[in-house]
Amino acid sequence: MPNLWFVDGEAYDLTEFLPHHPGGARYLAWPGNDVSITFNTYHKNPARNKAVLQKYKVDPGDVKPRKRPFPKSAKFLFAEDFDARIDIKTYNFDPDNKDLFLNECRSRILKPEVQRRIKELDVSFDRAVAGIGAFYLCFSLAWFTLGVPWYISTPVFAALRTALAGAGHYFTHRPQPFFWSCLFDVNYIGASLTLIDGHNVGHHAPTMSRGDPKTGFFGAIVALPRLVRVPAYTVHKLGHFFTGMFIKGVEVHTWADSPIVKFENMRNASGERLIPRIWWSHWLVHLLMVGEFVLAYRCGLLWSWFAQFFL
């Protein structure tokens, strides 16, 4: 059975289309899923895009969308009885219904003057991120060489990491590949490596359902007694830094259902891999984080480095 993607109840074999997807092959990283929500919200004109899909339409026979549209390495995040076909909400995406909020937003956003303004803001955003990144590097150098007190370095690093991670989060929504998506990892808990589908399959599509990992994680944190939340979150971040992201990196590079493995032989028209066999940006950003930890230890700043995990 070919790799199938499901949109609005129809099945499509998009294997041949992967190299030509304008947003990058990574947005189609998980075959077997119902991608209706992603398809109807990420595209400017879903009706026109659906016309493009018709040449790839197939009869799925008895094949249905996957019950769990996530890689096996993420199985622990969901209840045993989770079924995406039932638990993930369905929405009305009728393009002719002018009363739908999505259609009203789309009609306004697609106006030429708005599109031009968005491009201008994107440029300004990139410049601001570059400035924050430069300040982060300069402040780190000052921290190592001048011994900036912990009560200054801790809040400054917390603010800088949050800003850079926020930028990385935004970058994961741009056409992929986009190297700077790796900034999502700078606050120690991001995982840009697992967002190679554009962050939609594992979060946006199942938002507000039992399938949303954020619902489960933040729900668990909030369920803890107030005095325990900060220590628990601190342990969580330390675990991510020392072992979690390394283990996740190994998983995503080796598990059979990972797109890195599944599509390793697929190439675009130029002969380049659709999905890199090694996700260098992930390893480089974590090498930077480990290097920072080692330098903090060598410079006698270990407790100052550790303090930022409490924010």
# chains A, B, ... in the order shown; residues from 1 in each chain; ligands from 1
>>> residues_around(residues="Pro60 in chain A", least_positions_apart="3", cutoff="8 Å", atoms="only C-alpha atoms", output="MDAnalysis selection string")
chainID A and resid 4 11 63:64
>>> write_last_selection(atoms="N, CA and C atoms", output="PDB file, in the first residue's frame")
ATOM      1  N   LEU A   4      -0.071   7.222   2.027  1.00  0.00           N
ATOM      2  CA  LEU A   4      -1.288   7.988   1.812  1.00  0.00           C
ATOM      3  C   LEU A   4      -1.414   9.142   2.784  1.00  0.00           C
ATOM      4  N   ALA A  11      -8.330  10.326  -0.125  1.00  0.00           N
ATOM      5  CA  ALA A  11      -6.971   9.814   0.050  1.00  0.00           C
ATOM      6  C   ALA A  11      -6.101  10.208  -1.150  1.00  0.00           C
ATOM      7  N   VAL A  63      -8.120   1.138   3.798  1.00  0.00           N
ATOM      8  CA  VAL A  63      -7.147   1.883   4.591  1.00  0.00           C
ATOM      9  C   VAL A  63      -7.780   3.173   5.112  1.00  0.00           C
ATOM     10  N   LYS A  64      -7.583   3.436   6.388  1.00  0.00           N
ATOM     11  CA  LYS A  64      -8.094   4.636   7.035  1.00  0.00           C
ATOM     12  C   LYS A  64      -6.933   5.421   7.643  1.00  0.00           C
TER      13      LYS A  64
END
>>> atom_distance(atom1="CA of Val35 in chain A", atom2="CA of Ala205 in chain A")
7.8 Å
>>> residues_around(residues="range 237-246 of chain A", least_positions_apart="5", cutoff="12 Å", atoms="only C-alpha atoms", output="VMD selection string")
chain A and resid 185 to 194 230 to 232 251 to 253 282 to 293 305 to 311
>>> residues_around(residues="Ala296 in chain A", least_positions_apart="5", cutoff="12 Å", atoms="only C-alpha atoms", output="PyMOL selection string")
chain A and resi 140-145+147-148+150+153+289-291+301-307
>>> atom_distance(atom1="CA of Ala134 in chain A", atom2="CA of Lys119 in chain A")
22.8 Å
>>> closest_residue(among="A:Tyr12, A:Ile260, A:Asp83, A:Thr90", to="Gly61 in chain A", atoms="only C-alpha atoms")
A:Tyr12
>>> closest_residue(among="A:Asn268, A:Ser107, A:Ser258, A:Asn45", to="His20 in chain A", atoms="only C-alpha atoms")
A:Asn268
>>> atom_distance(atom1="CA of Pro69 in chain A", atom2="CA of Asp81 in chain A")
13.3 Å
>>> select_by_dssp(residues="range 38-190 of chain A", states="helix (DSSP H, G or I)", output="ChimeraX atom specification")
/A:38-42,46-56,72-77,84-87,101-109,112-146,150-171,179-187
>>> write_last_selection(atoms="C-alpha atoms", output="JSON list (two decimals), in the first residue's frame")
[["chain", "number", "residue", "atom", "x", "y", "z"],
["A", 38, "THR", "CA", -3.25, 21.53, 8.36],
["A", 39, "PHE", "CA", -4.21, 21.61, 4.69],
["A", 40, "ASN", "CA", -7.13, 24.00, 5.18],
["A", 41, "THR", "CA", -5.34, 26.39, 7.53],
["A", 42, "TYR", "CA", -1.78, 26.56, 6.20],
["A", 46, "PRO", "CA", -7.15, 25.57, -0.12],
["A", 47, "ALA", "CA", -9.66, 25.19, -2.97],
["A", 48, "ARG", "CA", -6.97, 25.90, -5.56],
["A", 49, "ASN", "CA", -4.50, 23.64, -3.79],
["A", 50, "LYS", "CA", -7.03, 20.83, -3.69],
["A", 51, "ALA", "CA", -7.32, 21.03, -7.47],
["A", 52, "VAL", "CA", -3.57, 20.38, -7.64],
["A", 53, "LEU", "CA", -4.02, 17.27, -5.50],
["A", 54, "GLN", "CA", -6.54, 15.63, -7.82],
["A", 55, "LYS", "CA", -3.88, 13.96, -9.98],
["A", 56, "TYR", "CA", -2.65, 12.17, -6.84],
["A", 72, "LYS", "CA", 6.42, 5.78, 17.93],
["A", 73, "SER", "CA", 8.97, 7.73, 19.95],
["A", 74, "ALA", "CA", 6.14, 10.07, 21.05],
["A", 75, "LYS", "CA", 3.80, 7.27, 22.13],
["A", 76, "PHE", "CA", 4.35, 7.96, 25.83],
["A", 77, "LEU", "CA", 2.71, 11.39, 25.48],
["A", 84, "ALA", "CA", -7.03, 10.84, 16.43],
["A", 85, "ARG", "CA", -9.96, 9.97, 14.18],
["A", 86, "ILE", "CA", -12.31, 10.58, 17.10],
["A", 87, "ASP", "CA", -10.47, 12.71, 19.64],
["A", 101, "PHE", "CA", -13.88, 33.56, 11.02],
["A", 102, "LEU", "CA", -11.06, 31.78, 9.15],
["A", 103, "ASN", "CA", -12.40, 32.94, 5.78],
["A", 104, "GLU", "CA", -12.75, 36.51, 7.02],
["A", 105, "CYS", "CA", -9.17, 36.48, 8.31],
["A", 106, "ARG", "CA", -7.92, 34.97, 5.08],
["A", 107, "SER", "CA", -9.69, 37.59, 2.93],
["A", 108, "ARG", "CA", -8.06, 40.38, 4.91],
["A", 109, "ILE", "CA", -4.59, 38.87, 5.16],
["A", 112, "PRO", "CA", -1.80, 42.86, -1.52],
["A", 113, "GLU", "CA", -1.07, 45.73, 0.84],
["A", 114, "VAL", "CA", -1.30, 43.41, 3.86],
["A", 115, "GLN", "CA", 0.99, 40.84, 2.21],
["A", 116, "ARG", "CA", 3.56, 43.58, 1.55],
["A", 117, "ARG", "CA", 3.34, 44.71, 5.15],
["A", 118, "ILE", "CA", 3.82, 41.17, 6.40],
["A", 119, "LYS", "CA", 6.99, 40.84, 4.32],
["A", 120, "GLU", "CA", 8.28, 44.13, 5.73],
["A", 121, "LEU", "CA", 7.56, 42.97, 9.28],
["A", 122, "ASP", "CA", 9.30, 39.67, 8.60],
["A", 123, "VAL", "CA", 12.44, 41.55, 7.60],
["A", 124, "SER", "CA", 12.23, 43.69, 10.73],
["A", 125, "PHE", "CA", 11.68, 40.57, 12.82],
["A", 126, "ASP", "CA", 14.77, 38.90, 11.37],
["A", 127, "ARG", "CA", 16.86, 41.98, 12.09],
["A", 128, "ALA", "CA", 15.62, 42.10, 15.67],
["A", 129, "VAL", "CA", 16.46, 38.41, 16.15],
["A", 130, "ALA", "CA", 19.93, 39.00, 14.73],
["A", 131, "GLY", "CA", 20.40, 41.84, 17.21],
["A", 132, "ILE", "CA", 19.23, 39.71, 20.13],
["A", 133, "GLY", "CA", 21.54, 36.91, 19.03],
["A", 134, "ALA", "CA", 24.50, 39.28, 18.83],
["A", 135, "PHE", "CA", 23.74, 40.64, 22.29],
["A", 136, "TYR", "CA", 23.46, 37.07, 23.61],
["A", 137, "LEU", "CA", 26.94, 36.25, 22.32],
["A", 138, "CYS", "CA", 28.43, 39.50, 23.66],
["A", 139, "PHE", "CA", 26.79, 39.08, 27.06],
["A", 140, "SER", "CA", 28.00, 35.46, 27.24],
["A", 141, "LEU", "CA", 31.56, 36.65, 26.55],
["A", 142, "ALA", "CA", 31.26, 39.29, 29.28],
["A", 143, "TRP", "CA", 29.83, 36.68, 31.65],
["A", 144, "PHE", "CA", 32.78, 34.36, 31.12],
["A", 145, "THR", "CA", 35.50, 37.00, 31.26],
["A", 146, "LEU", "CA", 34.21, 39.65, 33.65],
["A", 150, "TRP", "CA", 24.34, 35.81, 39.07],
["A", 151, "TYR", "CA", 21.52, 38.18, 39.99],
["A", 152, "ILE", "CA", 22.20, 40.01, 36.72],
["A", 153, "SER", "CA", 23.14, 37.10, 34.45],
["A", 154, "THR", "CA", 20.21, 34.89, 35.47],
["A", 155, "PRO", "CA", 17.34, 37.20, 34.43],
["A", 156, "VAL", "CA", 19.25, 38.45, 31.38],
["A", 157, "PHE", "CA", 19.90, 34.92, 30.10],
["A", 158, "ALA", "CA", 16.31, 33.92, 30.85],
["A", 159, "ALA", "CA", 15.01, 36.84, 28.78],
["A", 160, "LEU", "CA", 17.47, 36.26, 25.94],
["A", 161, "ARG", "CA", 16.81, 32.52, 25.74],
["A", 162, "THR", "CA", 13.06, 33.05, 25.81],
["A", 163, "ALA", "CA", 13.32, 35.61, 23.01],
["A", 164, "LEU", "CA", 15.55, 33.44, 20.83],
["A", 165, "ALA", "CA", 13.45, 30.34, 21.46],
["A", 166, "GLY", "CA", 10.34, 32.32, 20.53],
["A", 167, "ALA", "CA", 12.02, 33.31, 17.28],
["A", 168, "GLY", "CA", 12.94, 29.68, 16.62],
["A", 169, "HIS", "CA", 9.32, 28.70, 17.23],
["A", 170, "TYR", "CA", 8.21, 31.22, 14.64],
["A", 171, "PHE", "CA", 10.87, 30.04, 12.19],
["A", 179, "PHE", "CA", 18.32, 26.57, 9.57],
["A", 180, "TRP", "CA", 17.46, 29.06, 12.30],
["A", 181, "SER", "CA", 14.51, 26.99, 13.46],
["A", 182, "CYS", "CA", 17.14, 25.42, 15.72],
["A", 183, "LEU", "CA", 16.94, 28.53, 17.92],
["A", 184, "PHE", "CA", 13.86, 26.91, 19.41],
["A", 185, "ASP", "CA", 16.28, 24.74, 21.42],
["A", 186, "VAL", "CA", 18.18, 27.61, 23.05],
["A", 187, "ASN", "CA", 15.97, 27.71, 26.15]]
>>> closest_residue(among="A:Gly300, A:Pro177, A:Pro149, A:Gly32", to="Val7 in chain A", atoms="only C-alpha atoms")
A:Gly32
